[in-house]
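The data block below is start18.txt; it holds compact mmCIF, C-alpha atoms and all ligand atoms.
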# COMPACT_ATOMS: atom_id res chain seq x y z
CA MET A 1023 -19.88 -61.33 12.82
CA ALA A 1024 -22.38 -58.57 13.35
CA PHE A 1025 -23.72 -55.42 11.86
CA THR A 1026 -25.26 -52.58 13.86
CA ARG A 1027 -27.91 -50.47 12.17
CA LYS A 1028 -27.64 -46.75 12.88
CA ILE A 1029 -31.01 -45.04 12.71
CA LEU A 1030 -30.68 -41.49 11.40
CA GLY A 1031 -34.25 -40.94 10.23
CA HIS A 1032 -35.08 -39.68 6.75
CA GLY A 1033 -32.69 -37.92 4.41
CA ILE A 1034 -32.19 -36.47 0.96
CA GLY A 1035 -29.35 -36.28 -1.54
CA LEU A 1036 -27.15 -33.19 -1.66
CA ARG A 1037 -27.65 -31.73 -5.15
CA THR A 1038 -25.82 -28.81 -6.83
CA LYS A 1039 -29.13 -27.09 -7.54
CA HIS A 1040 -29.73 -26.74 -3.79
CA PHE A 1041 -26.24 -25.64 -2.73
CA ALA A 1042 -27.24 -22.02 -2.04
CA GLN A 1043 -30.13 -23.07 0.20
CA HIS A 1044 -27.94 -25.52 2.09
CA LEU A 1045 -25.40 -22.76 2.65
CA ALA A 1046 -28.06 -20.31 3.82
CA ALA A 1047 -29.75 -22.54 6.39
CA ARG A 1048 -29.69 -25.96 7.98
CA PRO A 1049 -31.57 -28.32 5.67
CA PRO A 1050 -34.91 -29.41 7.19
CA VAL A 1051 -34.01 -33.11 7.00
CA ASP A 1052 -32.46 -35.64 9.37
CA TRP A 1053 -29.40 -36.41 7.23
CA VAL A 1054 -27.89 -36.02 3.79
CA GLU A 1055 -26.33 -38.47 1.33
CA VAL A 1056 -23.65 -37.37 -1.15
CA VAL A 1057 -22.08 -39.09 -4.14
CA SER A 1058 -18.55 -39.71 -2.85
CA GLU A 1059 -16.79 -39.14 -6.17
CA ASN A 1060 -18.20 -35.59 -6.48
CA PHE A 1061 -16.34 -34.46 -3.36
CA MET A 1062 -12.98 -36.21 -3.60
CA ALA A 1063 -11.11 -33.27 -5.11
CA PRO A 1064 -10.14 -31.05 -2.17
CA GLY A 1065 -11.21 -27.41 -2.15
CA GLY A 1066 -13.81 -25.65 -4.24
CA ARG A 1067 -17.44 -24.85 -3.66
CA PRO A 1068 -18.76 -28.44 -3.50
CA VAL A 1069 -16.41 -29.28 -0.63
CA ALA A 1070 -17.23 -26.01 1.18
CA VAL A 1071 -20.94 -26.82 0.92
CA LEU A 1072 -20.39 -30.37 2.11
CA GLU A 1073 -18.39 -29.19 5.12
CA LYS A 1074 -21.15 -26.73 6.02
CA VAL A 1075 -23.85 -29.40 5.64
CA ARG A 1076 -21.77 -31.83 7.70
CA ARG A 1077 -21.70 -29.32 10.55
CA ASP A 1078 -25.52 -29.26 10.40
CA VAL A 1079 -26.51 -32.91 9.94
CA PRO A 1080 -25.03 -36.43 9.59
CA VAL A 1081 -23.66 -37.22 6.13
CA VAL A 1082 -23.49 -40.56 4.32
CA LEU A 1083 -20.99 -41.23 1.50
CA HIS A 1084 -22.52 -43.14 -1.42
CA GLY A 1085 -20.08 -44.21 -4.13
CA VAL A 1086 -20.66 -45.31 -7.71
CA SER A 1087 -17.15 -46.33 -8.83
CA LEU A 1088 -16.00 -49.07 -6.49
CA SER A 1089 -16.88 -51.75 -9.06
CA ILE A 1090 -16.71 -54.36 -6.34
CA GLY A 1091 -17.68 -57.20 -8.66
CA SER A 1092 -15.24 -56.45 -11.47
CA THR A 1093 -12.33 -58.74 -12.26
CA ASP A 1094 -10.11 -55.65 -12.54
CA PRO A 1095 -7.94 -55.06 -9.47
CA LEU A 1096 -9.52 -52.72 -6.94
CA SER A 1097 -8.26 -49.19 -7.42
CA GLU A 1098 -6.03 -48.45 -4.46
CA SER A 1099 -5.87 -44.78 -5.43
CA TYR A 1100 -9.68 -44.62 -5.39
CA LEU A 1101 -9.77 -46.31 -1.99
CA GLY A 1102 -7.13 -43.88 -0.74
CA GLN A 1103 -9.18 -40.89 -1.88
CA LEU A 1104 -12.31 -42.38 -0.32
CA ALA A 1105 -10.48 -42.96 2.98
CA GLU A 1106 -9.18 -39.40 2.89
CA LEU A 1107 -12.67 -38.00 2.25
CA ALA A 1108 -14.07 -40.14 5.04
CA GLY A 1109 -11.38 -38.84 7.38
CA ARG A 1110 -12.43 -35.27 6.67
CA ILE A 1111 -16.20 -35.74 6.64
CA GLU A 1112 -16.61 -38.49 9.23
CA PRO A 1113 -19.64 -40.00 7.49
CA ALA A 1114 -22.21 -42.06 9.35
CA TRP A 1115 -21.32 -44.83 6.87
CA ILE A 1116 -19.99 -45.49 3.37
CA SER A 1117 -21.89 -47.36 0.68
CA ASP A 1118 -21.54 -48.50 -2.93
CA HIS A 1119 -23.24 -51.01 -5.22
CA LEU A 1120 -23.17 -54.79 -5.50
CA CYS A 1121 -22.30 -54.74 -9.17
CA TRP A 1122 -19.50 -54.25 -11.66
CA GLY A 1123 -18.94 -51.24 -13.87
CA SER A 1124 -15.41 -51.50 -15.19
CA HIS A 1125 -13.37 -53.89 -17.31
CA GLY A 1126 -9.81 -53.72 -18.55
CA GLY A 1127 -9.31 -50.46 -16.69
CA ARG A 1128 -12.21 -48.73 -18.45
CA TYR A 1129 -15.17 -47.46 -16.46
CA ALA A 1130 -18.62 -47.63 -18.01
CA HIS A 1131 -20.32 -45.32 -15.50
CA ASP A 1132 -23.00 -47.95 -15.23
CA LEU A 1133 -24.00 -50.47 -12.56
CA TRP A 1134 -24.17 -53.94 -14.10
CA PRO A 1135 -25.53 -57.02 -12.30
CA LEU A 1136 -23.31 -59.96 -11.46
CA PRO A 1137 -23.81 -63.66 -12.17
CA TYR A 1138 -25.29 -65.06 -8.96
CA THR A 1139 -22.78 -67.85 -8.43
CA GLU A 1140 -20.63 -69.24 -5.63
CA GLU A 1141 -17.54 -68.15 -7.57
CA ALA A 1142 -18.83 -64.56 -7.74
CA ILE A 1143 -19.67 -64.60 -4.02
CA ARG A 1144 -16.10 -65.61 -3.13
CA HIS A 1145 -14.69 -63.00 -5.49
CA VAL A 1146 -16.82 -60.17 -4.11
CA VAL A 1147 -16.39 -61.17 -0.47
CA ALA A 1148 -12.58 -61.08 -0.71
CA ARG A 1149 -12.76 -57.63 -2.25
CA VAL A 1150 -15.22 -56.28 0.32
CA GLU A 1151 -12.94 -57.55 3.07
CA HIS A 1152 -10.05 -55.63 1.53
CA VAL A 1153 -12.11 -52.45 1.17
CA GLN A 1154 -13.26 -52.68 4.78
CA GLU A 1155 -9.69 -53.19 5.92
CA VAL A 1156 -8.48 -50.13 4.02
CA LEU A 1157 -11.38 -47.97 5.21
CA GLY A 1158 -11.28 -49.37 8.74
CA ARG A 1159 -15.05 -49.79 8.80
CA GLN A 1160 -17.90 -51.89 7.46
CA ILE A 1161 -19.44 -50.74 4.19
CA LEU A 1162 -22.99 -51.11 2.87
CA LEU A 1163 -23.65 -52.66 -0.53
CA GLU A 1164 -26.73 -51.76 -2.55
CA ASN A 1165 -28.83 -54.06 -4.75
CA VAL A 1166 -28.93 -52.60 -8.28
CA SER A 1167 -31.78 -52.61 -10.76
CA SER A 1168 -31.20 -54.86 -13.76
CA TYR A 1169 -32.47 -55.61 -17.23
CA VAL A 1170 -30.55 -58.75 -18.14
CA ALA A 1171 -29.56 -61.88 -16.25
CA PHE A 1172 -26.75 -64.43 -16.58
CA ARG A 1173 -27.55 -68.00 -17.61
CA ALA A 1174 -24.70 -69.00 -15.26
CA SER A 1175 -26.60 -67.81 -12.15
CA GLU A 1176 -27.06 -70.57 -9.60
CA MET A 1177 -29.28 -68.74 -7.11
CA GLU A 1178 -31.73 -65.88 -6.76
CA GLU A 1179 -30.46 -62.31 -6.46
CA TRP A 1180 -31.62 -62.03 -2.86
CA GLU A 1181 -29.76 -65.21 -1.89
CA PHE A 1182 -26.61 -63.81 -3.49
CA LEU A 1183 -27.01 -60.50 -1.65
CA ALA A 1184 -27.55 -62.23 1.69
CA GLU A 1185 -24.55 -64.53 1.24
CA VAL A 1186 -22.22 -61.69 0.28
CA ALA A 1187 -23.31 -59.58 3.25
CA ASP A 1188 -22.99 -62.46 5.69
CA ARG A 1189 -19.59 -63.76 4.54
CA ALA A 1190 -18.06 -60.30 4.02
CA ASP A 1191 -19.60 -59.06 7.26
CA CYS A 1192 -20.91 -55.91 5.61
CA GLY A 1193 -24.23 -54.10 5.61
CA ILE A 1194 -26.95 -53.84 2.97
CA LEU A 1195 -28.36 -50.70 1.41
CA LEU A 1196 -31.76 -51.97 0.32
CA ASP A 1197 -33.06 -50.02 -2.67
CA VAL A 1198 -36.77 -50.76 -2.61
CA ASN A 1199 -37.30 -49.18 -6.03
CA ASN A 1200 -34.59 -51.40 -7.50
CA VAL A 1201 -36.31 -54.45 -6.02
CA TYR A 1202 -39.56 -53.37 -7.69
CA VAL A 1203 -37.92 -52.54 -11.04
CA SER A 1204 -35.97 -55.81 -11.19
CA ALA A 1205 -38.99 -57.83 -10.03
CA ARG A 1206 -41.02 -56.48 -12.94
CA ASN A 1207 -38.18 -56.90 -15.43
CA HIS A 1208 -37.33 -60.47 -14.45
CA GLY A 1209 -40.76 -61.62 -13.31
CA PHE A 1210 -39.91 -62.47 -9.71
CA ASP A 1211 -41.98 -61.71 -6.62
CA PRO A 1212 -40.76 -58.54 -4.84
CA HIS A 1213 -42.38 -59.75 -1.61
CA ALA A 1214 -40.24 -62.90 -1.73
CA TYR A 1215 -37.18 -60.68 -2.11
CA LEU A 1216 -38.10 -58.56 0.91
CA ALA A 1217 -38.89 -61.64 2.97
CA ALA A 1218 -35.45 -63.09 2.25
CA VAL A 1219 -33.35 -60.01 2.93
CA PRO A 1220 -31.49 -60.50 6.23
CA ALA A 1221 -33.09 -57.82 8.42
CA ALA A 1222 -30.10 -57.49 10.72
CA ARG A 1223 -27.83 -56.51 7.82
CA VAL A 1224 -29.97 -53.70 6.37
CA GLY A 1225 -28.53 -50.33 7.35
CA GLN A 1226 -30.25 -48.05 4.87
CA ILE A 1227 -33.10 -47.86 2.37
CA HIS A 1228 -33.26 -46.01 -0.97
CA LEU A 1229 -36.55 -44.88 -2.49
CA ALA A 1230 -36.76 -43.50 -6.02
CA GLY A 1231 -38.87 -43.12 -9.12
CA HIS A 1232 -38.66 -45.16 -12.31
CA SER A 1233 -40.10 -44.99 -15.82
CA ASP A 1234 -42.42 -47.52 -17.43
CA LYS A 1235 -41.07 -48.29 -20.90
CA GLY A 1236 -43.82 -50.77 -21.67
CA ARG A 1237 -41.86 -54.01 -21.93
CA TYR A 1238 -39.65 -53.09 -18.98
CA LEU A 1239 -39.15 -50.58 -16.16
CA LEU A 1240 -36.18 -48.22 -16.29
CA ASP A 1241 -34.56 -46.98 -13.09
CA THR A 1242 -34.52 -43.24 -13.85
CA HIS A 1243 -34.58 -41.40 -10.49
CA ASP A 1244 -36.23 -38.48 -12.27
CA HIS A 1245 -39.56 -38.07 -10.54
CA GLU A 1246 -41.47 -38.81 -7.35
CA VAL A 1247 -41.67 -42.24 -5.73
CA PRO A 1248 -44.53 -44.20 -7.42
CA ALA A 1249 -47.38 -45.74 -5.41
CA PRO A 1250 -46.24 -49.41 -5.75
CA VAL A 1251 -42.82 -48.47 -4.37
CA TRP A 1252 -44.40 -46.68 -1.40
CA ASP A 1253 -46.42 -49.88 -0.79
CA LEU A 1254 -43.23 -51.95 -0.82
CA TYR A 1255 -41.58 -49.43 1.50
CA ARG A 1256 -44.45 -49.84 3.98
CA GLU A 1257 -43.99 -53.61 3.82
CA THR A 1258 -40.22 -53.26 4.24
CA VAL A 1259 -40.63 -51.12 7.37
CA LEU A 1260 -43.08 -53.65 8.79
CA ARG A 1261 -40.53 -56.39 8.24
CA LEU A 1262 -37.40 -54.52 9.34
CA GLY A 1263 -38.54 -51.84 11.78
CA PRO A 1264 -37.14 -48.30 11.41
CA VAL A 1265 -34.34 -47.94 8.84
CA SER A 1266 -32.58 -44.75 7.73
CA THR A 1267 -34.29 -43.90 4.45
CA LEU A 1268 -33.21 -41.69 1.57
CA ILE A 1269 -35.13 -40.26 -1.38
CA GLU A 1270 -33.00 -40.56 -4.56
CA TRP A 1271 -34.02 -37.90 -7.06
CA ASP A 1272 -31.08 -37.36 -9.39
CA ASP A 1273 -32.54 -36.03 -12.66
CA ASN A 1274 -35.19 -33.35 -13.15
CA VAL A 1275 -34.26 -32.44 -9.58
CA PRO A 1276 -37.21 -30.61 -7.98
CA PRO A 1277 -37.04 -27.60 -5.65
CA LEU A 1278 -35.57 -28.45 -2.25
CA GLU A 1279 -38.98 -28.03 -0.63
CA ARG A 1280 -40.49 -30.73 -2.88
CA LEU A 1281 -37.62 -33.11 -2.11
CA VAL A 1282 -38.07 -32.51 1.63
CA GLU A 1283 -41.80 -33.11 1.24
CA GLU A 1284 -41.08 -36.51 -0.36
CA SER A 1285 -38.75 -37.36 2.53
CA ARG A 1286 -41.43 -36.36 5.03
CA ARG A 1287 -43.86 -38.68 3.27
CA ALA A 1288 -41.43 -41.51 4.01
CA THR A 1289 -41.33 -40.36 7.64
CA ALA A 1290 -45.13 -40.46 7.80
CA ILE A 1291 -45.41 -43.89 6.19
CA GLU A 1292 -42.81 -45.33 8.56
CA ALA A 1293 -44.58 -43.79 11.58
CA GLU A 1294 -47.92 -45.13 10.44
CA ALA A 1295 -46.52 -48.60 9.74
CA LEU A 1296 -44.79 -48.80 13.11
CA ALA A 1297 -47.64 -47.31 15.18
CA PRO A 1298 -49.04 -49.68 17.79
CA PRO A 1299 -50.03 -52.43 17.48
CA PHE A 1300 -46.83 -52.95 15.45
CA ARG A 1301 -46.07 -56.52 14.59
CA ARG A 1302 -42.87 -57.27 12.79
CA ALA A 1303 -42.78 -59.77 9.94
CA VAL A 1304 -45.99 -59.49 7.98
CA PRO A 1305 -47.24 -62.77 6.49
FE FE B 1401 -30.32 -46.56 -5.00
Render the structure in this file as structure tokens.
Amino acid sequence: MAFTRKILGHGIGLRTKHFAQHLAARPPVDWVEVVSENFMAPGGRPVAVLEKVRRDVPVVLHGVSLSIGSTDPLSESYLGQLAELAGRIEPAWISDHLCWGSHGGRYAHDLWPLPYTEEAIRHVVARVEHVQEVLGRQILLENVSSYVAFRASEMEEWEFLAEVADRADCGILLDVNNVYVSARNHGFDPHAYLAAVPAARVGQIHLAGHSDKGRYLLDTHDHEVPAPVWDLYRETVLRLGPVSTLIEWDDNVPPLERLVEESRRATAIEAEALAPPFRRAVP
């Protein structure tokens, strides 16, 4: 079983606020990520913009509704729509979250953590295998930020993530901000997390901002990437080498130029981290 990392460079999310600029000119970024569900309905302006952007740069489909960890049956109609979208857009890859967000057929529009157990690993792996069969390709699963934990957990989050990726033969979308947020909320060492992530499985990185609520950090994606997350990104690049990296800025979306600037900062940090003498695997 193997996973091949595609290196696209540094990208940004495609946001409605920037549609006109994307239509007017090629975006000054290496690639673009879109929320899959926003483009599943054929026709309309969003799809026209996406098709234009796809002619300009590589596109990645990032879903929020797969609910891979739920005990509900996987939605075959959702998978069908995702496969159809992928057929039209030919994305560089497709990703979603290692979480659950539905129960009894009702979707919560939230990304809840799973119990880190052998039973949950087997459950998720079987479902990832089915998804990959339907889509005819490997998917990437993202670590989510969390605020609660299950007493039933038998292992650390990073062990769970690594086991799922290995047994399902899928990739990992490593959200460095989520690692930082969850580390603070649960009191674990983010460096231990990064050290344990299987480098060969990581196909993409997310960077984002969060909000400090005092007793906990909230994953808000509503402002620039904070300094501690940039520090963790530098460490991640040193451990993994170059990885396609995306700035997630979903609320209080800034002007396109500011978003591009944030992406270029990631480019600069990666270049600086990997400049000779580059030694992988920091102590
Ligand atoms: Fe993310």
Kindly work out which residues sit at most 9 Å from ligand FE 1401 (chain B), using only C-alpha atoms and all ligand atoms, and give the list as a JSON list (two decimals) with C-alpha atoms, keeping the file's coordinate frame.
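The resulting file, result_30.json, is shown below:
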[["chain", "number", "residue", "atom", "x", "y", "z"],
["A", 1119, "HIS", "CA", -23.24, -51.01, -5.22],
["A", 1164, "GLU", "CA", -26.73, -51.76, -2.55],
["A", 1165, "ASN", "CA", -28.83, -54.06, -4.75],
["A", 1166, "VAL", "CA", -28.93, -52.60, -8.28],
["A", 1167, "SER", "CA", -31.78, -52.61, -10.76],
["A", 1195, "LEU", "CA", -28.36, -50.70, 1.41],
["A", 1196, "LEU", "CA", -31.76, -51.97, 0.32],
["A", 1197, "ASP", "CA", -33.06, -50.02, -2.67],
["A", 1198, "VAL", "CA", -36.77, -50.76, -2.61],
["A", 1199, "ASN", "CA", -37.30, -49.18, -6.03],
["A", 1200, "ASN", "CA", -34.59, -51.40, -7.50],
["A", 1227, "ILE", "CA", -33.10, -47.86, 2.37],
["A", 1228, "HIS", "CA", -33.26, -46.01, -0.97],
["A", 1229, "LEU", "CA", -36.55, -44.88, -2.49],
["A", 1230, "ALA", "CA", -36.76, -43.50, -6.02],
["A", 1243, "HIS", "CA", -34.58, -41.40, -10.49],
["A", 1268, "LEU", "CA", -33.21, -41.69, 1.57],
["A", 1269, "ILE", "CA", -35.13, -40.26, -1.38],
["A", 1270, "GLU", "CA", -33.00, -40.56, -4.56]]
Response to the item:
atom CA of A:His1213 sits from atom CA of A:Thr1139 at a separation of 22.3 Å
Fill in: Separation of atom CA of A:Cys1121 from atom CA of A:Leu1163, in Å and rounded to one decimal
9.0 Å
Would you write out, as a tab-separated table, a table of all residues in stretch 1070-1164 of chain A that have an atom no more than 7 Å from an atom of stretch 1023-1045 of chain A, listing for each the closest atom pair and the distance in Å to one decimal, considering only C-alpha atoms and ordering rows by chain and rising residue number?
residue	atom	partner	partner_atom	distance
A:Val1071	CA	A:Leu1045	CA	6.3
A:Lys1074	CA	A:Leu1045	CA	6.7
A:Val1075	CA	A:His1044	CA	6.7
Fill in: For stretch 1081-1089 of chain A: contacts at 9 Å, all atoms listed in the file, fewer than 5 positions along chain excluded, given as an MDAnalysis selection string
chainID A and resid 1053:1059 1072 1075:1076 1094 1096:1097 1100:1101 1104 1107:1108 1111:1124 1129 1131:1133
Selection from above, C-alpha atoms, as a CSV table (one decimal), in the coordinates of the input, can you write it?
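What ended up in part.csv:
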chain,number,residue,atom,x,y,z
A,1053,TRP,CA,-29.4,-36.4,7.2
A,1054,VAL,CA,-27.9,-36.0,3.8
A,1055,GLU,CA,-26.3,-38.5,1.3
A,1056,VAL,CA,-23.6,-37.4,-1.2
A,1057,VAL,CA,-22.1,-39.1,-4.1
A,1058,SER,CA,-18.6,-39.7,-2.8
A,1059,GLU,CA,-16.8,-39.1,-6.2
A,1072,LEU,CA,-20.4,-30.4,2.1
A,1075,VAL,CA,-23.8,-29.4,5.6
A,1076,ARG,CA,-21.8,-31.8,7.7
A,1094,ASP,CA,-10.1,-55.6,-12.5
A,1096,LEU,CA,-9.5,-52.7,-6.9
A,1097,SER,CA,-8.3,-49.2,-7.4
A,1100,TYR,CA,-9.7,-44.6,-5.4
A,1101,LEU,CA,-9.8,-46.3,-2.0
A,1104,LEU,CA,-12.3,-42.4,-0.3
A,1107,LEU,CA,-12.7,-38.0,2.2
A,1108,ALA,CA,-14.1,-40.1,5.0
A,1111,ILE,CA,-16.2,-35.7,6.6
A,1112,GLU,CA,-16.6,-38.5,9.2
A,1113,PRO,CA,-19.6,-40.0,7.5
A,1114,ALA,CA,-22.2,-42.1,9.4
A,1115,TRP,CA,-21.3,-44.8,6.9
A,1116,ILE,CA,-20.0,-45.5,3.4
A,1117,SER,CA,-21.9,-47.4,0.7
A,1118,ASP,CA,-21.5,-48.5,-2.9
A,1119,HIS,CA,-23.2,-51.0,-5.2
A,1120,LEU,CA,-23.2,-54.8,-5.5
A,1121,CYS,CA,-22.3,-54.7,-9.2
A,1122,TRP,CA,-19.5,-54.2,-11.7
A,1123,GLY,CA,-18.9,-51.2,-13.9
A,1124,SER,CA,-15.4,-51.5,-15.2
A,1129,TYR,CA,-15.2,-47.5,-16.5
A,1131,HIS,CA,-20.3,-45.3,-15.5
A,1132,ASP,CA,-23.0,-48.0,-15.2
A,1133,LEU,CA,-24.0,-50.5,-12.6
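Between A:Arg1149 and the candidates A:Ile1090, A:Val1201, A:Ala1070, A:Leu1216, the tightest atom-to-atom separation, counting only C-alpha atoms, involves A:Ile1090.
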Discussion item. Using only C-alpha atoms, can you tell me which of A:Asp1241, A:Glu1246, A:Asp1188, A:Glu1279 comes closest to A:Val1219?
Written reply: A:Asp1188
Worksheet item: With distances taken over all atoms listed in the file, which of A:Ala1105, A:Leu1239, A:Ala1295, A:Val1259 is nearest to A:Arg1159?
Response: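 The answer is A:Ala1105, which sits nearest to A:Arg1159.
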Fill in: Atomic distance atom CA of A:Ile1194 - atom CA of A:Ala1249, expressed in Å with one decimal
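So the answer is 23.5 Å.
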Discussion item. List the spatial neighbours of A:Pro1220 as a list in words - criterion: any atom at most 12 Å away, all atoms listed in the file, same-chain residues fewer than 4 positions off excluded.
Written reply: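 Using all atoms listed in the file, the neighbours found are Ala1024, Phe1025, Trp1180, Glu1181, Phe1182, Leu1183, Ala1184, Glu1185, Val1186, Ala1187, Asp1188, Cys1192, Gly1193, Ile1194, Leu1195, Leu1196, Tyr1215, Leu1216, Val1224, Gly1225, Thr1258, Arg1261, Leu1262 and Ala1303 of chain A.
With only C-alpha atoms as the atoms that count, the minimum distance from A:Arg1280 to the choices A:Asp1253, A:Gly1263, A:Val1247, A:Ala1063 is reached by A:Val1247.
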Worksheet item: Which is closer to A:Gly1102 than all the others in A:Tyr1202, A:Gly1158, A:Glu1284, A:Asp1272, using all atoms listed in the file?
Response: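 Distance minimum relative to A:Gly1102 lands on A:Gly1158.
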Padding 4 Å on each side, edges along x, y and z: where is the centre of the box around the listed atoms of stretch 1256-1264 of chain A, and how long are its edges in Å to one decimal? Output it as JSON.
{"center_x": -40.8, "center_y": -52.3, "center_z": 7.8, "size_x": 15.3, "size_y": 16.1, "size_z": 16.0}
Worksheet entry | Given all atoms listed in the file as the counted atoms, nearest of A:Glu1178, A:Asp1273, A:Glu1257, A:Glu1151 to A:Ala1217 |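 The shortest atom-to-atom distance to A:Ala1217 comes from A:Glu1257.
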Discussion item. Using all atoms listed in the file, which protein or nucleic acid residues come within 12 Å of A:Ala1174? Drop anything in the same chain fewer than 2 positions from it, and give the result as a list in words.
Written reply: Leu1136, Pro1137, Tyr1138, Thr1139, Glu1140, Glu1141, Ala1142, Ala1171, Phe1172, Glu1176, Met1177 and Glu1178 of chain A
